[in-house]
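Colleague: Below is a structure I'd like to ask you about.
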Amino acid sequence: MPADTLLFEIGTEELPPKSLKSLMQALEENLQKQLRQAGLSFSASRAFATPRRMAVEVTDLADQQAAQAIERRGPSVKAAFDESGAPTKALIGFARSCGVEDPGELERIASDKGEWMVYRDNREGQNLSELIEGIIERSLADLPIERRMRWGASRMEFVRPVHWVVLMYGTEVLPAVVLGQTSGRLTRGHRFMSSGEVEIASADQYLGTLEKASVIADFEKRRETIITQIEDLAEDLKGQLQVDAALLDEVTSLVEWPRALAGDFDKSFLDVPEEALISAMKEHQRYFHLTNEQGKLLPCFITVSNIESKDPSAVVAGNERVIRPRLSDASFFYKKDAATTMDEKLNRLKSVVFQSELGTFYDKAARISSLAKFLSAEAGADETAAARAGLICKSDLVSEMVGEFPDLQGIMGGYYAEKCGEPAEVCLAIREHYLPISSGGRLPSSDIASIVALADKIDTVVGLFSIGQPPTGSRDPYALRRQSLGITRICIENQIDIDLGEALDHAAGLYKSEFSTEGVKDYILDRLSGWYTEQNVPLDVFNAVRNSAAGITSLLEADGRIRSVQQFREHELAPGLIAANKRVSNILKKLDVKTGSIDPALFCETAESRLAEQIHLVQEAFTTGQNSYKEKFEKLADLQVFIDQYFDDVMVMSEDQALQHNRLMMLLALRSLFLEVADFSLLQT
């Protein structure tokens, strides 16, 4: 079957830069999916995107579907014919749905459930030209577009108005109408550095044709070009380049022919916290900043232009003029904010609503302070520092700087607290209490900062649950999933040993209405199970600890148990112990045995007294000794030989009801002993 290269390009007005890369990737994935579903084979595909286009190239694409063997099963033979042998309405309707006028042309097929009427046919596959328009339409319809636009008088919708469509197979144009545009071979070059429309002779000449028209259509090549250019400029400026991956992708999405240029700003602006200057350059102007060897911000920047100017100095001068008022604003805001105290800012939070049913940010700050003091007492940290940091950690929300640069929340609060003479640990806690701000992101770097971060997150999660607003499948406006994962990571990775249930209850007690926190705890533990899965800890290991008699109270303590259970599974005796626990659990569950005690006077077999003695010794060791989890598992493993002997020599379900009950109590004691650590019956061998 002949094969050639397919090229599809959709040309639009400027696409949203922050989502261009994901849209490009989704278009390629959708097109691959639709081609496979259509039965059109191909060897590979590549996706391309610039601010004004998205494209996919598919190599070695078959020009026709393979021949298809059609088989449709109809009604049973019993239902297909009446008593006289004439076709029933069911058979006649089935035949017509298959395009067969005479039901007698249908075949019969036998199965273990009887005999059925069946339609069989061999159909020649459709041509690519007949299928491609529908394939393209479905690929575009499934793109992850948050808001679709309409343009002109049409009711068609897309991420941006569409101006041209290229659809070629080798050297031929495949006729189609896509979002109101008739397909052709004409694309468009750079808006200012080309003559406009450019003809593509062949699908496999797409990249070269556009490059001659000053467009680098390959997203990754354009990205690498930018990296090379800005690295060369940074070396010339003797600075350390700080490249943010998201900013780099955004800049790559804004240009078709990148040219990096360096500019300067007045050194006096360096008196402003560098995070504010960086935010002004990055968020407003998409500039890359540079630091010296000590990590201090340099008074220069690198911008990436979308044109190869004949006078680069004019472009640089223009960028320097644009950034100056931005930095001036940052300087003005900082000076104005620094003129008020943290307590004055705190008082202004009384007019800023956190959530309509949960009060203002002033109310939230008071709750964070109380909870931080409670947690610090439990964790052995400085209660006064934690309470103070919790109380003023949200104060910068009313600052001019955060109003202009929301990404500086907490960071600016740390600076303002330092200006007001707050202790260093309080300033650090304010600066870091939002951490982590992403999955796998950086955690707070001190105990006080960790505790304030925990207090903030716990208050938010408990508060939203208390008013019946937990996350749903599609909505999580307060990022409770991320907040919950942050709670678990801080406790485990930063070694903060607190009782999760008590912390949640204390947080709930700060609200007026009574509220059970069991649902909140379950939600947090569900997020924790997902985190362990990412850490290559099997779900059954986590569930074994979660469903132990002790359950999970301290996340830090539970982590030790979970890691130990995972390690124990590699022990040579583990399969036998797991199997024995499953057997014991099933017996007790079936008979609904929950409480009782062992009577040694009823022992008839040596195996009974030996197992009872060993259970007692291990119980005593667990109660009086300071055993590590590894030591506990080793003691449990030592029981294996006694458990095996017990099941070999003892008939648990004796006809003598007194003996049966006593032996069930032995199994209950054994299961209770294991449950102190984990529910071994849930482990998979």
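Naming scheme: A, B, ... for chains in displayed order of the structure tokens; residues 1 onward per chain; ligands 1 onward as shown.
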For region 414-426 of chain A, list every protein, DNA or RNA residue within 7 Å, evaluated using only C-alpha atoms, and leave out those in the same chain fewer than 6 positions away; present the list as a list in words.
Modeller: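 Skipping anything fewer than 6 positions along the chain leaves Ala338, Thr341, Met342, Ala385, Ala389 and Ile448 of chain A.
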Colleague: Can I get the selection written as a PDB file, in the first residue's frame, with C-alpha atoms?
Modeller:
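Contents of the output file out-v6.pdb:
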ATOM      1  CA  ALA A 338       7.766  49.660  54.484  1.00  0.00           C
ATOM      2  CA  THR A 341       4.237  48.228  60.701  1.00  0.00           C
ATOM      3  CA  MET A 342       3.277  44.570  60.509  1.00  0.00           C
ATOM      4  CA  ALA A 385       8.048  32.570  67.528  1.00  0.00           C
ATOM      5  CA  ALA A 389       4.891  34.292  62.665  1.00  0.00           C
ATOM      6  CA  ILE A 448       9.179  27.254  62.753  1.00  0.00           C
TER       7      ILE A 448
END
Colleague: Could you give me, as a PyMOL selection string, the residues within 10 Å of Asn319 (chain A), counting only C-alpha atoms and dropping anything in the same chain fewer than 5 positions from it?
Modeller: chain A and resi 261-265+285+287+301-303+305+313-314+324
Colleague: Write the selection just made, keeping C-alpha atoms, as an mmCIF file, in the first residue's frame?
Modeller:
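Output (result_23.cif):
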data_model
loop_
_atom_site.group_PDB
_atom_site.id
_atom_site.type_symbol
_atom_site.label_atom_id
_atom_site.label_comp_id
_atom_site.auth_asym_id
_atom_site.auth_seq_id
_atom_site.Cartn_x
_atom_site.Cartn_y
_atom_site.Cartn_z
ATOM 1 C CA LEU A 261 19.480 41.278 23.150
ATOM 2 C CA ALA A 262 20.893 42.605 26.439
ATOM 3 C CA GLY A 263 19.840 45.784 28.216
ATOM 4 C CA ASP A 264 20.566 47.636 31.489
ATOM 5 C CA PHE A 265 18.628 49.356 34.258
ATOM 6 C CA GLN A 285 8.287 41.834 30.179
ATOM 7 C CA TYR A 287 13.036 39.173 30.527
ATOM 8 C CA PHE A 301 18.536 41.815 31.570
ATOM 9 C CA ILE A 302 18.195 39.750 28.399
ATOM 10 C CA THR A 303 15.167 40.034 26.150
ATOM 11 C CA SER A 305 13.039 39.882 20.105
ATOM 12 C CA SER A 313 20.441 49.342 19.823
ATOM 13 C CA ALA A 314 17.068 50.939 19.116
ATOM 14 C CA ARG A 324 12.114 51.631 33.846
#
Colleague: Residues within 12 Å of Arg671 (chain A), please, as a ChimeraX atom specification. Count only C-alpha atoms; anything in the same chain fewer than 2 positions from it doesn't count.
Modeller: /A:548-549,577-578,580-589,593-595,615,619,636,639,643,664-669,673-681
Colleague: Among the residues of region 490-680 of chain A, find those DSSP assigns to helix (DSSP H, G or I) from the backbone and print them as a VMD selection string.
Modeller: chain A and resid 490 to 493 500 to 509 518 to 534 539 to 546 555 to 568 574 to 591 600 to 602 606 to 624 629 to 637 640 to 649 657 to 675 680
Colleague: Keeping only C-alpha atoms, write the selected residues as a short mmCIF file (atom, residue, chain, number, x, y, z; two decimals), in the first residue's frame.
Modeller:
data_model
loop_
_atom_site.label_atom_id
_atom_site.label_comp_id
_atom_site.auth_asym_id
_atom_site.auth_seq_id
_atom_site.Cartn_x
_atom_site.Cartn_y
_atom_site.Cartn_z
CA ILE A 490 6.41 18.68 55.51
CA CYS A 491 5.72 16.22 58.33
CA ILE A 492 7.65 13.36 56.73
CA GLU A 493 10.50 15.06 54.88
CA LEU A 500 -2.47 14.56 62.72
CA GLY A 501 -5.84 13.83 64.34
CA GLU A 502 -5.17 16.17 67.27
CA ALA A 503 -3.96 18.91 64.89
CA LEU A 504 -7.14 18.62 62.80
CA ASP A 505 -9.34 18.62 65.91
CA HIS A 506 -7.59 21.71 67.29
CA ALA A 507 -8.09 23.47 63.94
CA ALA A 508 -11.78 22.48 63.93
CA GLY A 509 -12.15 23.76 67.49
CA GLU A 518 -12.51 12.10 60.27
CA GLY A 519 -13.38 12.93 56.67
CA VAL A 520 -10.53 15.45 56.50
CA LYS A 521 -8.06 12.91 57.87
CA ASP A 522 -9.21 10.29 55.36
CA TYR A 523 -8.83 12.82 52.54
CA ILE A 524 -5.26 13.68 53.58
CA LEU A 525 -4.36 9.99 53.92
CA ASP A 526 -5.80 9.31 50.46
CA ARG A 527 -3.44 11.96 49.05
CA LEU A 528 -0.62 10.37 51.06
CA SER A 529 -1.29 6.97 49.46
CA GLY A 530 -0.85 8.56 46.03
CA TRP A 531 2.42 10.14 47.14
CA TYR A 532 3.73 6.76 48.31
CA THR A 533 2.76 5.23 44.98
CA GLU A 534 4.96 7.83 43.28
CA LEU A 539 -0.56 0.48 47.81
CA ASP A 540 -1.01 -2.72 49.83
CA VAL A 541 1.95 -1.75 52.04
CA PHE A 542 0.39 1.64 52.78
CA ASN A 543 -3.03 0.09 53.42
CA ALA A 544 -1.51 -2.51 55.78
CA VAL A 545 -0.20 0.29 58.01
CA ARG A 546 -3.28 2.48 57.60
CA LEU A 555 2.73 10.89 59.65
CA LEU A 556 6.41 10.75 60.52
CA GLU A 557 6.01 7.63 62.67
CA ALA A 558 3.81 5.99 60.04
CA ASP A 559 6.44 6.63 57.39
CA GLY A 560 8.93 4.60 59.43
CA ARG A 561 6.44 1.75 59.70
CA ILE A 562 5.58 1.88 56.00
CA ARG A 563 9.23 1.76 54.95
CA SER A 564 9.85 -1.11 57.37
CA VAL A 565 6.86 -3.11 56.12
CA GLN A 566 8.07 -2.63 52.57
CA GLN A 567 11.52 -3.87 53.57
CA PHE A 568 10.03 -6.76 55.57
CA ALA A 574 7.33 -12.92 54.91
CA PRO A 575 5.23 -15.03 52.47
CA GLY A 576 4.44 -17.57 55.20
CA LEU A 577 3.53 -14.90 57.75
CA ILE A 578 1.36 -13.06 55.25
CA ALA A 579 -0.44 -16.30 54.32
CA ALA A 580 -0.97 -17.17 58.00
CA ASN A 581 -2.37 -13.69 58.70
CA LYS A 582 -4.80 -14.01 55.80
CA ARG A 583 -5.92 -17.39 57.12
CA VAL A 584 -6.41 -16.08 60.65
CA SER A 585 -8.17 -12.95 59.43
CA ASN A 586 -10.59 -14.93 57.26
CA ILE A 587 -11.48 -17.32 60.12
CA LEU A 588 -12.11 -14.49 62.60
CA LYS A 589 -14.02 -12.40 60.08
CA LYS A 590 -16.24 -15.32 59.06
CA LEU A 591 -17.15 -16.11 62.67
CA PRO A 600 -4.42 -21.95 79.42
CA ALA A 601 -6.30 -24.68 81.35
CA LEU A 602 -8.02 -25.68 78.10
CA THR A 606 1.87 -28.75 73.12
CA ALA A 607 1.65 -26.43 70.09
CA GLU A 608 -1.03 -24.40 71.89
CA SER A 609 1.02 -23.71 74.99
CA ARG A 610 4.15 -22.94 72.93
CA LEU A 611 2.39 -20.43 70.68
CA ALA A 612 0.66 -18.79 73.68
CA GLU A 613 4.01 -18.47 75.44
CA GLN A 614 5.66 -16.90 72.37
CA ILE A 615 2.77 -14.46 71.87
CA HIS A 616 3.13 -13.38 75.50
CA LEU A 617 6.89 -12.89 75.14
CA VAL A 618 6.51 -10.75 72.03
CA GLN A 619 3.69 -8.72 73.63
CA GLU A 620 5.89 -8.08 76.64
CA ALA A 621 8.84 -7.07 74.42
CA PHE A 622 6.62 -4.66 72.46
CA THR A 623 5.27 -3.12 75.68
CA THR A 624 8.45 -2.76 77.72
CA TYR A 629 10.44 -1.50 63.55
CA LYS A 630 13.07 -3.83 62.15
CA GLU A 631 13.42 -5.51 65.56
CA LYS A 632 9.63 -5.82 65.89
CA PHE A 633 9.39 -7.49 62.50
CA GLU A 634 12.18 -9.87 63.39
CA LYS A 635 10.31 -10.86 66.60
CA LEU A 636 7.14 -11.41 64.59
CA ALA A 637 9.09 -13.44 62.04
CA GLN A 640 6.49 -18.39 62.08
CA VAL A 641 7.64 -21.83 63.23
CA PHE A 642 5.20 -21.81 66.18
CA ILE A 643 2.31 -20.64 63.98
CA ASP A 644 3.00 -23.41 61.44
CA GLN A 645 3.15 -26.01 64.18
CA TYR A 646 -0.10 -24.71 65.67
CA PHE A 647 -2.02 -25.10 62.41
CA ASP A 648 -0.45 -28.54 61.83
CA ASP A 649 -1.31 -29.96 65.28
CA GLN A 657 -17.40 -25.47 71.86
CA ALA A 658 -15.17 -24.53 74.82
CA LEU A 659 -12.02 -25.72 73.01
CA GLN A 660 -13.13 -24.03 69.79
CA HIS A 661 -13.69 -20.71 71.56
CA ASN A 662 -10.32 -20.90 73.32
CA ARG A 663 -8.51 -21.65 70.08
CA LEU A 664 -10.26 -18.76 68.36
CA MET A 665 -9.06 -16.53 71.20
CA MET A 666 -5.52 -17.70 70.41
CA LEU A 667 -5.97 -16.60 66.80
CA LEU A 668 -7.43 -13.29 67.98
CA ALA A 669 -4.41 -12.69 70.25
CA LEU A 670 -2.10 -13.54 67.37
CA ARG A 671 -3.89 -11.19 64.95
CA SER A 672 -3.99 -8.39 67.54
CA LEU A 673 -0.23 -8.73 68.00
CA PHE A 674 0.45 -8.30 64.29
CA LEU A 675 -2.10 -5.48 64.01
CA PHE A 680 -0.37 -8.25 57.33
#
Colleague: Within 9 Å of region 62-71 of chain A, counting only C-alpha atoms, which residues qualify if same-chain residues fewer than 5 places away don't, as a ChimeraX atom specification?
Modeller: /A:1-5,38-42,118-129,169
Colleague: Okay, now the selection with C-alpha atoms, as a CSV table (one decimal), in the first residue's frame?
Modeller:
chain,number,residue,atom,x,y,z
A,1,MET,CA,0.0,0.0,0.0
A,2,PRO,CA,1.5,3.4,-1.0
A,3,ALA,CA,2.7,5.7,1.8
A,4,ASP,CA,3.8,9.3,1.9
A,5,THR,CA,4.1,12.3,4.3
A,38,ALA,CA,-9.3,5.0,11.2
A,39,GLY,CA,-6.9,2.1,10.5
A,40,LEU,CA,-4.3,4.2,8.7
A,41,SER,CA,-0.8,3.1,9.4
A,42,PHE,CA,2.2,5.4,9.8
A,118,VAL,CA,-24.6,-13.4,11.3
A,119,TYR,CA,-23.7,-10.9,8.5
A,120,ARG,CA,-20.3,-11.2,7.0
A,121,ASP,CA,-18.7,-9.1,4.3
A,122,ASN,CA,-15.3,-7.9,3.0
A,123,ARG,CA,-15.0,-4.2,2.4
A,124,GLU,CA,-12.3,-2.3,0.7
A,125,GLY,CA,-10.8,0.3,2.9
A,126,GLN,CA,-11.6,4.0,2.3
A,127,ASN,CA,-9.0,6.4,0.9
A,128,LEU,CA,-7.2,8.9,3.0
A,129,SER,CA,-8.8,11.8,1.0
A,169,TYR,CA,-0.1,14.4,1.2
Colleague: Looking at A:Glu378, A:Glu274, A:Asp311, A:Glu256, which one is nearest to Leu298 (chain A), with distances taken over only C-alpha atoms?
Modeller: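 Once distances to Leu298 (chain A) are computed over only C-alpha atoms, the minimum belongs to A:Glu274.
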Colleague: At a cut-off of 12 Å, using only C-alpha atoms, what residues contact Ser446 (chain A)? Leave out same-chain residues fewer than 2 positions from it and give the result as a ChimeraX atom specification.
Modeller: /A:381-382,385-386,424-433,435,443-444,448-453,490,493-496
Colleague: Just to be explicit: take each residue in the selection above, keep C-alpha atoms, and write the result as an mmCIF file, in the first residue's frame.
Modeller:
data_model
loop_
_atom_site.group_PDB
_atom_site.id
_atom_site.type_symbol
_atom_site.label_atom_id
_atom_site.label_comp_id
_atom_site.auth_asym_id
_atom_site.auth_seq_id
_atom_site.Cartn_x
_atom_site.Cartn_y
_atom_site.Cartn_z
ATOM 1 C CA ALA A 381 9.709 24.179 68.804
ATOM 2 C CA ASP A 382 9.599 27.820 69.933
ATOM 3 C CA ALA A 385 8.048 32.570 67.528
ATOM 4 C CA ALA A 386 5.585 30.216 65.842
ATOM 5 C CA ALA A 424 15.027 36.152 61.970
ATOM 6 C CA GLU A 425 13.126 32.876 62.493
ATOM 7 C CA VAL A 426 9.815 34.770 62.286
ATOM 8 C CA CYS A 427 10.848 36.508 59.055
ATOM 9 C CA LEU A 428 11.926 33.206 57.517
ATOM 10 C CA ALA A 429 8.670 31.519 58.529
ATOM 11 C CA ILE A 430 6.624 34.290 56.888
ATOM 12 C CA ARG A 431 8.714 34.058 53.734
ATOM 13 C CA GLU A 432 8.343 30.270 53.448
ATOM 14 C CA HIS A 433 4.899 29.481 54.869
ATOM 15 C CA LEU A 435 5.823 26.234 50.573
ATOM 16 C CA LEU A 443 9.858 22.734 51.445
ATOM 17 C CA PRO A 444 10.238 25.216 54.341
ATOM 18 C CA ILE A 448 9.179 27.254 62.753
ATOM 19 C CA ALA A 449 8.597 27.824 59.030
ATOM 20 C CA SER A 450 7.411 24.212 58.690
ATOM 21 C CA ILE A 451 4.984 24.575 61.588
ATOM 22 C CA VAL A 452 3.490 27.851 60.304
ATOM 23 C CA ALA A 453 3.156 26.292 56.834
ATOM 24 C CA ILE A 490 6.409 18.681 55.510
ATOM 25 C CA GLU A 493 10.505 15.056 54.882
ATOM 26 C CA ASN A 494 11.105 17.810 57.452
ATOM 27 C CA GLN A 495 10.744 15.398 60.395
ATOM 28 C CA ILE A 496 7.893 17.268 62.117
#
Colleague: Which polymer residues have any atom within 8 Å of an atom of Met156 (chain A), counting only C-alpha atoms, with same-chain residues fewer than 6 positions away left out, as a PyMOL selection string?
Modeller: chain A and resi 150+179-180
Colleague: Store the residues picked out above in a file with C-alpha atoms, as a short mmCIF file (atom, residue, chain, number, x, y, z; two decimals), in the first residue's frame.
Modeller:
data_model
loop_
_atom_site.label_atom_id
_atom_site.label_comp_id
_atom_site.auth_asym_id
_atom_site.auth_seq_id
_atom_site.Cartn_x
_atom_site.Cartn_y
_atom_site.Cartn_z
CA ARG A 150 -15.94 32.94 17.69
CA LEU A 179 -13.05 25.70 10.58
CA GLY A 180 -14.28 27.62 7.57
#
Colleague: Give me the residues near region 350-352 of chain A as a VMD selection string, where near means some atom within 7 Å (using only C-alpha atoms) and where sequence neighbours in that chain fewer than 6 positions away do not count.
Modeller: chain A and resid 360 to 362
Colleague: Dump N, CA and C atoms for the selected residues as a short mmCIF file (atom, residue, chain, number, x, y, z; two decimals), in the first residue's frame?
Modeller:
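Final file, out_7.cif:
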data_model
loop_
_atom_site.label_atom_id
_atom_site.label_comp_id
_atom_site.auth_asym_id
_atom_site.auth_seq_id
_atom_site.Cartn_x
_atom_site.Cartn_y
_atom_site.Cartn_z
N THR A 360 -12.56 36.69 57.57
CA THR A 360 -11.54 37.50 56.90
C THR A 360 -10.16 36.86 57.06
N PHE A 361 -9.19 37.45 56.40
CA PHE A 361 -7.82 36.98 56.55
C PHE A 361 -7.30 37.31 57.96
N TYR A 362 -7.90 38.31 58.61
CA TYR A 362 -7.54 38.57 60.01
C TYR A 362 -7.97 37.39 60.88
#
